[in-house]
$ cat final_31.tsv   # TSV, C-alpha atoms
chain	number	residue	atom	x	y	z
Y	1	MET	CA	125.60	48.33	105.79
Y	2	ASN	CA	122.09	46.88	106.12
Y	3	LYS	CA	120.17	46.92	102.81
Y	4	ASN	CA	116.36	46.96	103.06
Y	5	LEU	CA	114.39	45.00	100.51
Y	6	GLY	CA	110.70	45.47	99.85
Y	7	PHE	CA	108.15	48.20	99.27
Y	8	THR	CA	107.33	51.23	101.34
Y	9	LEU	CA	103.80	51.92	102.50
Y	10	ILE	CA	103.55	54.86	100.10
Y	11	GLU	CA	104.48	52.68	97.12
Y	12	LEU	CA	101.87	50.10	98.10
Y	13	MET	CA	99.19	52.77	98.52
Y	14	ILE	CA	99.98	54.17	95.07
Y	15	VAL	CA	99.54	50.69	93.54
Y	16	VAL	CA	96.24	50.20	95.41
Y	17	ALA	CA	94.99	53.60	94.20
Y	18	ILE	CA	95.88	52.78	90.58
Y	19	ILE	CA	94.09	49.42	90.80
Y	20	ALA	CA	91.02	51.10	92.33
Y	21	ILE	CA	90.88	53.67	89.53
Y	22	LEU	CA	91.19	50.98	86.86
Y	23	ALA	CA	88.47	48.89	88.53
Y	24	ALA	CA	86.16	51.91	88.79
Y	25	ILE	CA	86.46	52.42	85.04
Y	26	ALA	CA	86.44	48.78	83.93
Y	27	TYR	CA	83.55	47.34	85.97
Y	28	PRO	CA	80.75	49.57	84.58
Y	29	SER	CA	82.02	48.97	81.05
Y	30	TYR	CA	82.03	45.22	81.62
Y	31	THR	CA	78.51	45.34	83.07
Y	32	GLN	CA	77.19	47.19	80.01
Y	33	TYR	CA	78.99	44.71	77.76
Y	34	LYS	CA	77.30	41.77	79.56
Y	35	ILE	CA	73.87	43.40	79.25
Y	36	ARG	CA	74.32	43.97	75.50
Y	37	THR	CA	75.67	40.43	75.02
Y	38	ASN	CA	72.73	38.85	76.87
Y	39	ARG	CA	70.27	40.87	74.76
Y	40	VAL	CA	71.97	39.85	71.50
Y	41	ASP	CA	71.98	36.20	72.65
Y	42	VAL	CA	68.22	36.25	73.29
Y	43	GLN	CA	67.63	37.96	69.94
Y	44	SER	CA	69.55	35.15	68.24
Y	45	GLU	CA	67.49	32.54	70.11
Y	46	MET	CA	64.29	34.32	69.07
Y	47	MET	CA	65.39	34.16	65.42
Y	48	ASN	CA	66.03	30.41	65.83
Y	49	ILE	CA	62.54	29.99	67.30
Y	50	ALA	CA	61.09	32.02	64.41
Y	51	GLN	CA	62.75	29.66	61.95
Y	52	ARG	CA	61.25	26.64	63.73
Y	53	LEU	CA	57.84	28.33	63.75
Y	54	GLN	CA	58.03	28.85	59.98
Y	55	SER	CA	58.82	25.15	59.54
Y	56	TYR	CA	55.84	24.34	61.78
Y	57	HIS	CA	53.61	26.55	59.60
Y	58	VAL	CA	54.76	24.82	56.39
Y	59	ILE	CA	53.76	21.45	57.84
Y	60	ASN	CA	50.54	22.46	59.67
Y	61	HIS	CA	49.38	25.50	57.62
Y	62	ASN	CA	48.77	27.47	60.83
Y	63	TYR	CA	50.38	28.41	64.14
Y	64	THR	CA	47.42	27.56	66.39
Y	65	ASN	CA	49.04	24.77	68.41
Y	66	ALA	CA	52.65	25.92	68.03
Y	67	THR	CA	54.73	25.79	71.21
Y	68	LEU	CA	58.27	26.32	72.33
Y	69	ASP	CA	60.36	23.47	73.70
Y	70	ASN	CA	58.53	20.63	75.49
Y	71	SER	CA	55.01	21.83	74.57
Y	72	ASN	CA	55.33	25.02	76.61
Y	73	LEU	CA	54.42	28.54	75.56
Y	74	SER	CA	57.27	30.03	77.60
Y	75	LYS	CA	60.81	29.11	78.53
Y	76	ASP	CA	63.74	30.57	80.39
Y	77	TYR	CA	66.78	31.58	78.39
Y	78	PRO	CA	69.52	30.57	78.71
Y	79	ALA	CA	68.54	27.32	80.42
Y	80	SER	CA	71.27	27.73	83.03
Y	81	ASN	CA	71.42	31.12	84.80
Y	82	ALA	CA	68.37	32.44	82.95
Y	83	VAL	CA	68.14	36.19	82.41
Y	84	TYR	CA	65.08	36.20	80.10
Y	85	THR	CA	61.72	34.44	79.88
Y	86	ILE	CA	60.68	33.95	76.26
Y	87	THR	CA	56.91	33.71	75.71
Y	88	LEU	CA	55.15	32.65	72.51
Y	89	THR	CA	51.65	33.90	71.69
Y	90	PRO	CA	50.40	31.96	68.64
Y	91	SER	CA	47.23	32.56	66.65
Y	92	VAL	CA	45.98	30.95	63.44
Y	93	GLN	CA	48.21	32.83	60.98
Y	94	SER	CA	50.60	34.80	63.20
Y	95	TRP	CA	52.65	34.72	66.38
Y	96	VAL	CA	54.46	37.07	68.74
Y	97	LEU	CA	57.58	36.28	70.76
Y	98	VAL	CA	58.36	38.38	73.83
Y	99	ALA	CA	61.60	38.05	75.78
Y	100	GLU	CA	61.05	39.59	79.19
Y	101	PRO	CA	64.03	40.18	81.49
Y	102	LYS	CA	63.86	38.22	84.73
Y	103	SER	CA	63.75	40.31	87.89
Y	104	ALA	CA	66.82	40.30	90.13
Y	105	THR	CA	69.16	39.72	87.18
Y	106	ILE	CA	71.56	42.02	85.37
Y	107	GLN	CA	68.92	42.42	82.60
Y	108	SER	CA	66.03	43.37	84.92
Y	109	ALA	CA	65.70	47.01	83.82
Y	110	ASN	CA	66.76	46.52	80.21
Y	111	GLY	CA	63.35	46.25	78.52
Y	112	ASN	CA	61.46	43.57	76.59
Y	113	VAL	CA	62.66	42.25	73.24
Y	114	ILE	CA	59.78	41.54	70.82
Y	115	LEU	CA	59.57	39.73	67.45
Y	116	ASN	CA	56.47	38.85	65.42
Y	117	SER	CA	55.64	36.61	62.45
Y	118	GLN	CA	55.92	39.53	60.01
Y	119	GLY	CA	59.57	40.01	60.95
Y	120	GLN	CA	58.86	43.18	62.90
Y	121	LYS	CA	61.06	43.54	65.95
Y	122	CYS	CA	61.54	46.11	68.65
Y	123	TRP	CA	63.39	46.82	71.86
Y	124	THR	CA	63.31	49.99	73.91
Y	125	LYS	CA	65.80	50.31	76.74
Y	126	GLY	CA	64.07	50.23	80.10
Y	127	ALA	CA	60.56	49.86	78.63
Y	128	SER	CA	58.33	46.81	78.89
Y	129	THR	CA	56.47	47.68	75.68
Y	130	CYS	CA	57.39	49.05	72.28
Y	131	ALA	CA	55.50	49.55	69.03
Y	132	LEU	CA	56.12	46.91	66.37
Y	133	SER	CA	56.33	48.42	62.89
Y	134	GLY	CA	58.19	48.06	59.64
Y	135	THR	CA	60.78	50.56	60.87
Y	136	SER	CA	61.21	49.41	64.48
Y	137	ASN	CA	64.37	47.49	65.31
Y	138	TRP	CA	66.41	45.83	68.03
Y	139	ASP	CA	68.97	48.63	68.20
Y	140	GLY	CA	66.79	50.90	70.31
Y	141	LYS	CA	67.22	53.73	67.78
$ encode --input "final_31.tsv" --output "structure tokens"
Amino acid sequence: MNKNLGFTLIELMIVVAIIAILAAIAYPSYTQYKIRTNRVDVQSEMMNIAQRLQSYHVINHNYTNATLDNSNLSKDYPASNAVYTITLTPSVQSWVLVAEPKSATIQSANGNVILNSQGQKCWTKGASTCALSGTSNWDGK
């Protein structure tokens, strides 16, 4: 008697269908996770910059000539595979940081993240502007 070993075409097609269903569910979830993670990373970097700006203010008593790294008013974040451009707008006694998503990246339609010297922060999904206030936040709520 000849014993066949292996899988039938039907069995293979069932496995392929199961993998396709799992991928269809998992990929969008992973994409949303990456978008949230990138936004939280840039928020953390903005808080680090804010801390450095406060140190600058203690030494210089103003923000007039404050810059980001290497005497620039803007920088890409993260340095490798940048998804945001962080821009600093300093004035004598205040500053505003804006993290704008770079076009053609996963973050492109996710909206600007904004932080100012008063600790006011805002983010609105899909919007390039939002109103800074004492009640605005980075949660989009």
$ residues_near_point --input "final_31.tsv" --point "(65.2, 46.3, 74.7)" --cutoff "6 Å" --atoms "all atoms listed in the file" --output "list in words"
Asn110, Gly111, Asn112, Val113, Trp123, Thr124 and Lys125 of chain Y
$ atom_distance --input "final_31.tsv" --atom1 "atom CA of Y:Lys102" --atom2 "atom CA of Y:Asp76"
8.8 Å
$ closest_residue --input "final_31.tsv" --among "Y:Leu97, Y:Ile59, Y:Val40, Y:Ala82" --to "Y:Asp139" --atoms "all atoms listed in the file"
Y:Val40
$ residues_near_point --input "final_31.tsv" --point "(55.8, 47.0, 66.1)" --cutoff "8 Å" --atoms "only C-alpha atoms" --output "CSV table (one decimal) with C-alpha atoms, in the frame of the given file"
chain,number,residue,atom,x,y,z
Y,120,GLN,CA,58.9,43.2,62.9
Y,121,LYS,CA,61.1,43.5,66.0
Y,122,CYS,CA,61.5,46.1,68.6
Y,130,CYS,CA,57.4,49.0,72.3
Y,131,ALA,CA,55.5,49.6,69.0
Y,132,LEU,CA,56.1,46.9,66.4
Y,133,SER,CA,56.3,48.4,62.9
Y,134,GLY,CA,58.2,48.1,59.6
Y,136,SER,CA,61.2,49.4,64.5
$ closest_residue --input "final_31.tsv" --among "Y:Ile106, Y:Val15, Y:Val92, Y:Ile86" --to "Y:Asn62" --atoms "only C-alpha atoms"
Y:Val92
$ closest_residue --input "final_31.tsv" --among "Y:Ser55, Y:Ser108, Y:Gln93, Y:Thr64" --to "Y:Ser128" --atoms "only C-alpha atoms"
Y:Ser108
$ closest_residue --input "final_31.tsv" --among "Y:Ile14, Y:Asn38, Y:Gln43, Y:Val96" --to "Y:Tyr63" --atoms "all atoms listed in the file"
Y:Val96
$ atom_distance --input "final_31.tsv" --atom1 "atom CA of Y:Leu73" --atom2 "atom CA of Y:Glu100"
13.4 Å
$ residues_around --input "final_31.tsv" --residues "Y:Pro90" --least-positions-apart "5" --cutoff "12 Å" --atoms "all atoms listed in the file" --output "PyMOL selection string"
chain Y and resi 50+53-54+56-57+62-68+72-74+95-98+116-117
$ atom_distance --input "final_31.tsv" --atom1 "atom CA of Y:Ile114" --atom2 "atom CA of Y:Trp138"
8.4 Å
$ closest_residue --input "final_31.tsv" --among "Y:Ala104, Y:Leu88, Y:Thr129, Y:Tyr77" --to "Y:Ser44" --atoms "all atoms listed in the file"
Y:Tyr77
$ closest_residue --input "final_31.tsv" --among "Y:Thr135, Y:Thr89, Y:His61, Y:Ala99" --to "Y:Met47" --atoms "only C-alpha atoms"
Y:Ala99
$ build_atoms --input "final_31.tsv" --residues "stretch 6-24 of chain Y" --atoms "N, CA and C atoms" --output "PDB file, in the coordinates of the input"
ATOM      1  N   GLY Y   6     112.147  45.418  99.709  1.00  0.00           N
ATOM      2  CA  GLY Y   6     110.700  45.470  99.850  1.00  0.00           C
ATOM      3  C   GLY Y   6     110.137  46.802  99.392  1.00  0.00           C
ATOM      4  N   PHE Y   7     108.853  47.000  99.697  1.00  0.00           N
ATOM      5  CA  PHE Y   7     108.150  48.200  99.270  1.00  0.00           C
ATOM      6  C   PHE Y   7     107.809  49.047 100.484  1.00  0.00           C
ATOM      7  N   THR Y   8     107.764  50.341 100.268  1.00  0.00           N
ATOM      8  CA  THR Y   8     107.330  51.230 101.340  1.00  0.00           C
ATOM      9  C   THR Y   8     105.803  51.296 101.326  1.00  0.00           C
ATOM     10  N   LEU Y   9     105.251  51.790 102.398  1.00  0.00           N
ATOM     11  CA  LEU Y   9     103.800  51.920 102.500  1.00  0.00           C
ATOM     12  C   LEU Y   9     103.267  52.860 101.417  1.00  0.00           C
ATOM     13  N   ILE Y  10     103.970  53.912 101.133  1.00  0.00           N
ATOM     14  CA  ILE Y  10     103.550  54.860 100.100  1.00  0.00           C
ATOM     15  C   ILE Y  10     103.479  54.181  98.734  1.00  0.00           C
ATOM     16  N   GLU Y  11     104.476  53.386  98.403  1.00  0.00           N
ATOM     17  CA  GLU Y  11     104.480  52.680  97.120  1.00  0.00           C
ATOM     18  C   GLU Y  11     103.294  51.721  97.023  1.00  0.00           C
ATOM     19  N   LEU Y  12     103.009  51.010  98.099  1.00  0.00           N
ATOM     20  CA  LEU Y  12     101.870  50.100  98.100  1.00  0.00           C
ATOM     21  C   LEU Y  12     100.542  50.846  97.954  1.00  0.00           C
ATOM     22  N   MET Y  13     100.418  51.984  98.612  1.00  0.00           N
ATOM     23  CA  MET Y  13      99.190  52.770  98.520  1.00  0.00           C
ATOM     24  C   MET Y  13      98.987  53.325  97.107  1.00  0.00           C
ATOM     25  N   ILE Y  14     100.076  53.693  96.444  1.00  0.00           N
ATOM     26  CA  ILE Y  14      99.980  54.170  95.070  1.00  0.00           C
ATOM     27  C   ILE Y  14      99.466  53.052  94.159  1.00  0.00           C
ATOM     28  N   VAL Y  15      99.980  51.842  94.335  1.00  0.00           N
ATOM     29  CA  VAL Y  15      99.540  50.690  93.540  1.00  0.00           C
ATOM     30  C   VAL Y  15      98.060  50.403  93.806  1.00  0.00           C
ATOM     31  N   VAL Y  16      97.645  50.433  95.060  1.00  0.00           N
ATOM     32  CA  VAL Y  16      96.240  50.200  95.410  1.00  0.00           C
ATOM     33  C   VAL Y  16      95.350  51.266  94.775  1.00  0.00           C
ATOM     34  N   ALA Y  17      95.781  52.514  94.796  1.00  0.00           N
ATOM     35  CA  ALA Y  17      94.990  53.600  94.200  1.00  0.00           C
ATOM     36  C   ALA Y  17      94.857  53.408  92.690  1.00  0.00           C
ATOM     37  N   ILE Y  18      95.929  53.012  92.029  1.00  0.00           N
ATOM     38  CA  ILE Y  18      95.880  52.780  90.580  1.00  0.00           C
ATOM     39  C   ILE Y  18      94.924  51.638  90.258  1.00  0.00           C
ATOM     40  N   ILE Y  19      94.991  50.556  91.016  1.00  0.00           N
ATOM     41  CA  ILE Y  19      94.090  49.420  90.800  1.00  0.00           C
ATOM     42  C   ILE Y  19      92.638  49.833  91.026  1.00  0.00           C
ATOM     43  N   ALA Y  20      92.382  50.639  92.046  1.00  0.00           N
ATOM     44  CA  ALA Y  20      91.020  51.100  92.330  1.00  0.00           C
ATOM     45  C   ALA Y  20      90.481  51.957  91.189  1.00  0.00           C
ATOM     46  N   ILE Y  21      91.309  52.823  90.646  1.00  0.00           N
ATOM     47  CA  ILE Y  21      90.880  53.670  89.530  1.00  0.00           C
ATOM     48  C   ILE Y  21      90.569  52.820  88.306  1.00  0.00           C
ATOM     49  N   LEU Y  22      91.429  51.866  87.998  1.00  0.00           N
ATOM     50  CA  LEU Y  22      91.190  50.980  86.860  1.00  0.00           C
ATOM     51  C   LEU Y  22      89.905  50.164  87.043  1.00  0.00           C
ATOM     52  N   ALA Y  23      89.676  49.669  88.249  1.00  0.00           N
ATOM     53  CA  ALA Y  23      88.470  48.890  88.530  1.00  0.00           C
ATOM     54  C   ALA Y  23      87.218  49.758  88.407  1.00  0.00           C
ATOM     55  N   ALA Y  24      87.303  51.003  88.862  1.00  0.00           N
ATOM     56  CA  ALA Y  24      86.160  51.910  88.790  1.00  0.00           C
ATOM     57  C   ALA Y  24      85.773  52.209  87.343  1.00  0.00           C
TER      58      ALA Y  24
END
